[in-house]
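These notes concern the structure reproduced below.
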Amino acid sequence: IFDDELQREFNRFDRDGTGYLDKNEFKRAYKKMENFGLEPRPGEVDKLFSQFGGSDDKLSFEEFCILMLHRARM
């Protein structure tokens, strides 16, 4: 995957154009990602958001990229 593809994906979920995904935006985005037809496990989305988004309750583009790399390795 290329940087511009990640940027397009991030922008698609950043509905308010702030340059960050808040927890609700991220939850909607994560649930739309391919999960092989499975719903995320309870608490999975919150855990990922906390792990990669830090304590500011926002996920930057850079953090989103790191999270996506982590997710691809799972």
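We label chains A, B, ... in the order they appear in the structure tokens, count residues from 1 in each chain, and number ligands from 1 in the order shown.
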What parts of chain A does DSSP call alpha helix (DSSP H)? I'd like the answer as a PyMOL selection string. chain A and resi 3-13+23-32+44-53+61-73
Can those selected residues be exported to a file as an mmCIF file, in the first residue's frame so that it contains C-alpha atoms?
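Final output, saved to result_14.cif:
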```
data_model
loop_
_atom_site.group_PDB
_atom_site.id
_atom_site.type_symbol
_atom_site.label_atom_id
_atom_site.label_comp_id
_atom_site.auth_asym_id
_atom_site.auth_seq_id
_atom_site.Cartn_x
_atom_site.Cartn_y
_atom_site.Cartn_z
ATOM 1 C CA ASP A 3 1.226 6.664 1.206
ATOM 2 C CA ASP A 4 -1.329 8.315 -1.070
ATOM 3 C CA GLU A 5 -3.676 5.337 -0.629
ATOM 4 C CA LEU A 6 -3.379 5.604 3.138
ATOM 5 C CA GLN A 7 -3.957 9.353 2.948
ATOM 6 C CA ARG A 8 -7.116 8.866 0.856
ATOM 7 C CA GLU A 9 -8.403 6.266 3.293
ATOM 8 C CA PHE A 10 -7.654 8.500 6.274
ATOM 9 C CA ASN A 11 -9.340 11.492 4.619
ATOM 10 C CA ARG A 12 -12.412 9.398 3.866
ATOM 11 C CA PHE A 13 -12.883 8.760 7.587
ATOM 12 C CA LYS A 23 -12.622 7.775 18.758
ATOM 13 C CA ASN A 24 -16.056 7.687 17.097
ATOM 14 C CA GLU A 25 -14.621 8.356 13.618
ATOM 15 C CA PHE A 26 -12.065 5.618 14.175
ATOM 16 C CA LYS A 27 -14.700 3.134 15.369
ATOM 17 C CA ARG A 28 -16.780 3.747 12.238
ATOM 18 C CA ALA A 29 -13.683 3.407 10.061
ATOM 19 C CA TYR A 30 -12.479 0.234 11.725
ATOM 20 C CA LYS A 31 -15.847 -1.457 11.440
ATOM 21 C CA LYS A 32 -15.882 -0.714 7.689
ATOM 22 C CA GLU A 44 -10.714 -4.462 20.329
ATOM 23 C CA VAL A 45 -11.348 -1.064 18.734
ATOM 24 C CA ASP A 46 -10.947 0.822 22.018
ATOM 25 C CA LYS A 47 -7.715 -1.046 22.746
ATOM 26 C CA LEU A 48 -6.230 -0.224 19.329
ATOM 27 C CA PHE A 49 -7.276 3.408 19.606
ATOM 28 C CA SER A 50 -5.673 3.710 23.051
ATOM 29 C CA GLN A 51 -2.539 1.862 21.979
ATOM 30 C CA PHE A 52 -1.882 3.938 18.874
ATOM 31 C CA GLY A 53 -3.776 7.177 19.508
ATOM 32 C CA PHE A 61 -2.450 10.404 10.095
ATOM 33 C CA GLU A 62 0.963 9.133 11.205
ATOM 34 C CA GLU A 63 -0.597 7.143 14.051
ATOM 35 C CA PHE A 64 -3.210 5.798 11.622
ATOM 36 C CA CYS A 65 -0.406 4.579 9.322
ATOM 37 C CA ILE A 66 1.358 2.807 12.191
ATOM 38 C CA LEU A 67 -1.919 1.221 13.280
ATOM 39 C CA MET A 68 -2.612 0.022 9.726
ATOM 40 C CA LEU A 69 0.871 -1.510 9.511
ATOM 41 C CA HIS A 70 0.267 -3.277 12.818
ATOM 42 C CA ARG A 71 -3.118 -4.491 11.618
ATOM 43 C CA ALA A 72 -1.610 -5.849 8.385
ATOM 44 C CA ARG A 73 0.804 -7.936 10.452
#
```
Within 7 Å of Leu59 (chain A) using only C-alpha atoms, minus same-chain residues under 6 positions, as a PyMOL selection string: chain A and resi 20-22+53
Those residues with C-alpha atoms, as a PDB file, in the first residue's frame please?
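File part-v5.pdb, as written:
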```pdb
ATOM      1  CA  TYR A  20      -7.339  13.681  13.207  1.00  0.00           C
ATOM      2  CA  LEU A  21      -9.732  10.838  13.802  1.00  0.00           C
ATOM      3  CA  ASP A  22     -11.580  11.020  17.080  1.00  0.00           C
ATOM      4  CA  GLY A  53      -3.776   7.177  19.508  1.00  0.00           C
TER       5      GLY A  53
END
```
DSSP strand (DSSP E) residues within chain A, listed as a ChimeraX atom specification: /A:20-22,58-60
Can you write just those residues out, N, CA, C and O atoms, as a PDB file, in the first residue's frame?
```pdb
ATOM      1  N   TYR A  20      -7.386  14.710  12.166  1.00  0.00           N
ATOM      2  CA  TYR A  20      -7.339  13.681  13.207  1.00  0.00           C
ATOM      3  C   TYR A  20      -8.621  12.870  13.149  1.00  0.00           C
ATOM      4  O   TYR A  20      -9.655  13.367  12.722  1.00  0.00           O
ATOM      5  N   LEU A  21      -8.530  11.631  13.604  1.00  0.00           N
ATOM      6  CA  LEU A  21      -9.732  10.838  13.802  1.00  0.00           C
ATOM      7  C   LEU A  21     -10.011  10.802  15.291  1.00  0.00           C
ATOM      8  O   LEU A  21      -9.133  10.448  16.081  1.00  0.00           O
ATOM      9  N   ASP A  22     -11.218  11.189  15.674  1.00  0.00           N
ATOM     10  CA  ASP A  22     -11.580  11.020  17.080  1.00  0.00           C
ATOM     11  C   ASP A  22     -12.021   9.565  17.259  1.00  0.00           C
ATOM     12  O   ASP A  22     -12.079   8.791  16.308  1.00  0.00           O
ATOM     13  N   LYS A  58      -7.202  11.408  20.098  1.00  0.00           N
ATOM     14  CA  LYS A  58      -7.169  11.681  18.672  1.00  0.00           C
ATOM     15  C   LYS A  58      -6.156  10.745  18.021  1.00  0.00           C
ATOM     16  O   LYS A  58      -5.173  10.360  18.647  1.00  0.00           O
ATOM     17  N   LEU A  59      -6.408  10.422  16.769  1.00  0.00           N
ATOM     18  CA  LEU A  59      -5.491   9.594  16.005  1.00  0.00           C
ATOM     19  C   LEU A  59      -5.044  10.405  14.797  1.00  0.00           C
ATOM     20  O   LEU A  59      -5.855  10.770  13.946  1.00  0.00           O
ATOM     21  N   SER A  60      -3.756  10.731  14.748  1.00  0.00           N
ATOM     22  CA  SER A  60      -3.215  11.515  13.628  1.00  0.00           C
ATOM     23  C   SER A  60      -3.023  10.600  12.414  1.00  0.00           C
ATOM     24  O   SER A  60      -3.103   9.368  12.511  1.00  0.00           O
TER      25      SER A  60
END
```
